[in-house]
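Here's the structure, in structure tokens; my notes come after.
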Amino acid sequence: MIPFDFEYYRPQSITNAADIFQTLEESGKNPVFYAGGTEIISMARMSSITTGAVIDVKEIPELKAMEFNGDDLVIGAGVTLTQIHEANLFPLLAQACARVADHTIQNKITLGGNLCGTIIYREAVLPLLLTNAYLVIASVKNARRVPINEVFSKRMQLNRGELLVQVHIPRNYVSCPYVHVKRTKEDKIHYPLLTVCALLTDNQVRAAFSGLVNFPFRSVEMEEALNDINLTLEQRVEQALNKLPAAVPDNLEGSAGYRTFILKHLLTSIVNELETGNVTNS
Amino acid sequence: MLQILNESLIELHINGEIRKALARPSDTLLFFLRERLGLTGAKPGCENGDCGACTVLVDGWPVKSCLMLAAEAIGHEVTTIEGLDKVPIQQAFVDKFAFQCGYCTPGFIMNCQGLINIHPDASDEVIHEWLQSNICRCTSYQEIMEAIRSVLPSQ
Ligand SMILES: Cc1cc2nc3c(=O)[nH]c(=O)nc-3n(C[C@H](O)[C@H](O)[C@H](O)COP(=O)(O)OP(=O)(O)OC[C@H]3O[C@@H](n4cnc5c(N)ncnc54)[C@H](O)[C@@H]3O)c2cc1C
Ligand code: FES
Ligand code: FES
């Protein structure tokens with residue numbers, strides 16, 4: 001049971017959602033956009049967040065879109081992880097979504113909620129980082145379409161009142177050879193000890209990670225090392241490991257040494273699989 | 001725009017009927033079903049999305065009702081275990097001894113029923129993937145697998 005009261009709004013358009021956010025903000029209600037609600041309810045129940053109003057955005061038509069449009073695959077921020085998995089329009093993203101939380105919760109978690117949430121893993125962002133996706137973001141002031149790398153740095157860098165509307169994924173990436181691997185401490189259903197998404201484009205391997213450090217990331221420096229054909233595969237992986245963007249944490253989920261050990265072996269097999277065309281996803 | 005500002009009478013489609021009761025906008029669907037409507041089939045376990053004891057169907061899909069607001073269900077079809085009338089999976093749970101204390105059973109049955117409706121062709125891999133959303137402290141997992149296998153046309 002949630003131990004405090006808030007108001008519930010279900011706007012039918014982006015303008016409506018942005019306007020009501022501003023009105024509620026000005027009246028001191030500290031509103032939040034509400035999508036699947038799984039994180040908001042879990043945290044509200046523990047009083048880890050409080051709010052005077054939730055704005056349920058997932059039924060706004062633009063946030064429910066999922067289709068190819070011109071050169072892009074367009075996915076609305078309110079589309080659930082199950083819908084992405086079942087439609088399978090971008091297999092790497094579909095697979096990443098199918099390993100977040102458990103199947104029943106995937107029926108509720110939205111793509112936008114996974115990207116904008118506070119839980120550090122945000123596994124659905126990995127395929128988007130690899131494909132140079134664009135994000136459509138709206139507020140009362142304007143709507144903008146920006147490359148993901150400009151707004152996602154460790155987490156979504158949204159201004160207050162900004163609504164993530166859609167993700168646009170360049171069509172040419174959706175059929176690239178890919179590998180998705182999620183390793184957990186114990187059960188299959190768990191936060192990641194380490195999740196790696198990788199794809200091959202123009203004979204170059206791209207890779208993004210969750211669970212390795214305290215934020216999901218893609219590193220161009222690591223990719224340069226992995227793609228340096230003047231070195232042996234073992235040397236390439238060693239070089240990449242030297243270019244991690246932050247220290248690997250030591251915690252109850254796994255020691256830094258264990259995480260690095262797994263990473264080393266996964267990178268070796270992933271690069272080998274992608275380069276030889278012998279891809280087996282797990 | 002639908003808006004609910006404080007405790008008010010809300011109308012939900014539940015088990016083929018229109019049910020009206022008072023709800024706070026911050027009431028979860030689980031709380032609303034049990035405390036406002038007396039539909040106690042959906043069970044509170046972890047209330048954190050982990051155990052699946054509270055699973056109901058919303059528009060045919062399994063949802064953990066502890067992670068949904070009652071207000072969110074307005075305009076959608078909710079089915080609880082009380083809404084299943086001797087469907088084959090219920091008898092299969094009896095025939096295969098797929099429970100001991102029975103606390104997790106309504107949640108498991110709702111998840112199974114969702115799977116039967118949506119993917120009657122489910123493979124063992126898909127069954128596992130769906131059922132991993134529910135926990136049985138009495139460890140009836142093997143019997144639950146046998147129960148669902150016995151009613152899926154594909155098996
Ligand atoms: C039981 C459980 C297990 C989980 N396991 C995993 C896991 O294995 N891997 C993983 O990566 N994550 C996992 N998560 C985290 C989950 O993906 C996030 O909590 C996510 O935020 C939930 O999405 P939602 O749609 O329910 O978000 P909500 O609860 O609706 O919102 C979460 C946050 O995002 C904001 N928000 C939502 N949509 C938008 C939007 N369109 N524009 C702007 N802001 C928005 C909200 O204001 C809020 O701050 C798990 C969560 C739970 C509850
Ligand atoms: S009570 Fe809802 S998942 Fe445990
Ligand atoms: S039968 Fe007791 S918890 Fe499942």
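How things are named: the first chain in the structure tokens is A, the next is B, and so on; residues count from 1 in each chain; ligands count from 1 in the order shown.
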
Practice prompt. Write as number ranges by chain the residues around ligand 1, taking 6 Å as the cut-off and counting only C-alpha atoms and all ligand atoms.
Written response: A: 32-40, 77, 100-101, 109-110, 112-114, 116-117, 119, 121-123, 163-165, 190-191; B: 49-50

Output file for the residues above (C-alpha atoms, as a short mmCIF file (atom, residue, chain, number, x, y, z; two decimals), in the first residue's frame):
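To be explicit, this is the file written out as again-v4.cif:
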```cif
data_model
loop_
_atom_site.label_atom_id
_atom_site.label_comp_id
_atom_site.auth_asym_id
_atom_site.auth_seq_id
_atom_site.Cartn_x
_atom_site.Cartn_y
_atom_site.Cartn_z
CA VAL A 32 6.01 12.88 -12.10
CA PHE A 33 5.39 11.34 -15.49
CA TYR A 34 4.06 7.84 -14.96
CA ALA A 35 4.49 5.06 -17.54
CA GLY A 36 4.54 1.39 -16.43
CA GLY A 37 4.59 2.66 -12.86
CA THR A 38 6.59 -0.32 -11.58
CA GLU A 39 9.44 1.79 -10.24
CA ILE A 40 7.20 4.63 -9.04
CA ALA A 77 8.38 5.52 -24.98
CA VAL A 100 14.81 -7.25 -17.99
CA ALA A 101 13.07 -8.27 -14.71
CA ILE A 109 7.72 -1.87 -17.83
CA THR A 110 7.93 0.58 -20.72
CA GLY A 112 10.76 5.04 -21.65
CA GLY A 113 10.54 3.94 -18.02
CA ASN A 114 13.59 1.69 -18.39
CA CYS A 116 14.41 7.29 -17.57
CA GLY A 117 14.22 5.29 -14.34
CA ILE A 119 17.53 1.91 -11.13
CA TYR A 121 20.93 -0.93 -15.04
CA ARG A 122 18.71 0.44 -17.85
CA GLU A 123 19.51 -2.58 -20.00
CA LEU A 163 8.84 13.93 -21.68
CA LEU A 164 10.60 11.21 -23.65
CA VAL A 165 8.21 10.60 -26.55
CA HIS A 190 17.93 -10.91 -11.50
CA TYR A 191 19.67 -7.62 -11.98
CA GLY B 49 6.86 -7.33 -8.05
CA ASP B 50 8.95 -10.34 -7.11
#
```

When the cut-off is 7 Å and we count only C-alpha atoms, which residues of chain A are near chain B, given as JSON, numbers by chain?
{"A": [1, 2, 5, 6, 7, 8, 9, 10, 11, 12, 37, 38, 41, 42, 102, 103, 104, 105, 107]}

Margin query: Give me, as a ChimeraX atom specification, the residues of stretch 29-135 of chain B that a backbone DSSP run labels helix (DSSP H, G or I).
Written below: /B:29-36,65-67,71-73,81-83,88-95,105-118,124-131

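Remark: for ligand 3, the closest of the candidate residues B:Ile144, B:Cys101, B:Leu22, B:Ile89 is B:Cys101 (distances computed over only C-alpha atoms and all ligand atoms).
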
| query | Quick one, how far is atom CA of B:Ile10 from atom CA of B:Leu33? | reply |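 Straight-line distance from atom CA of B:Ile10 to atom CA of B:Leu33 works out to 12.1 Å.
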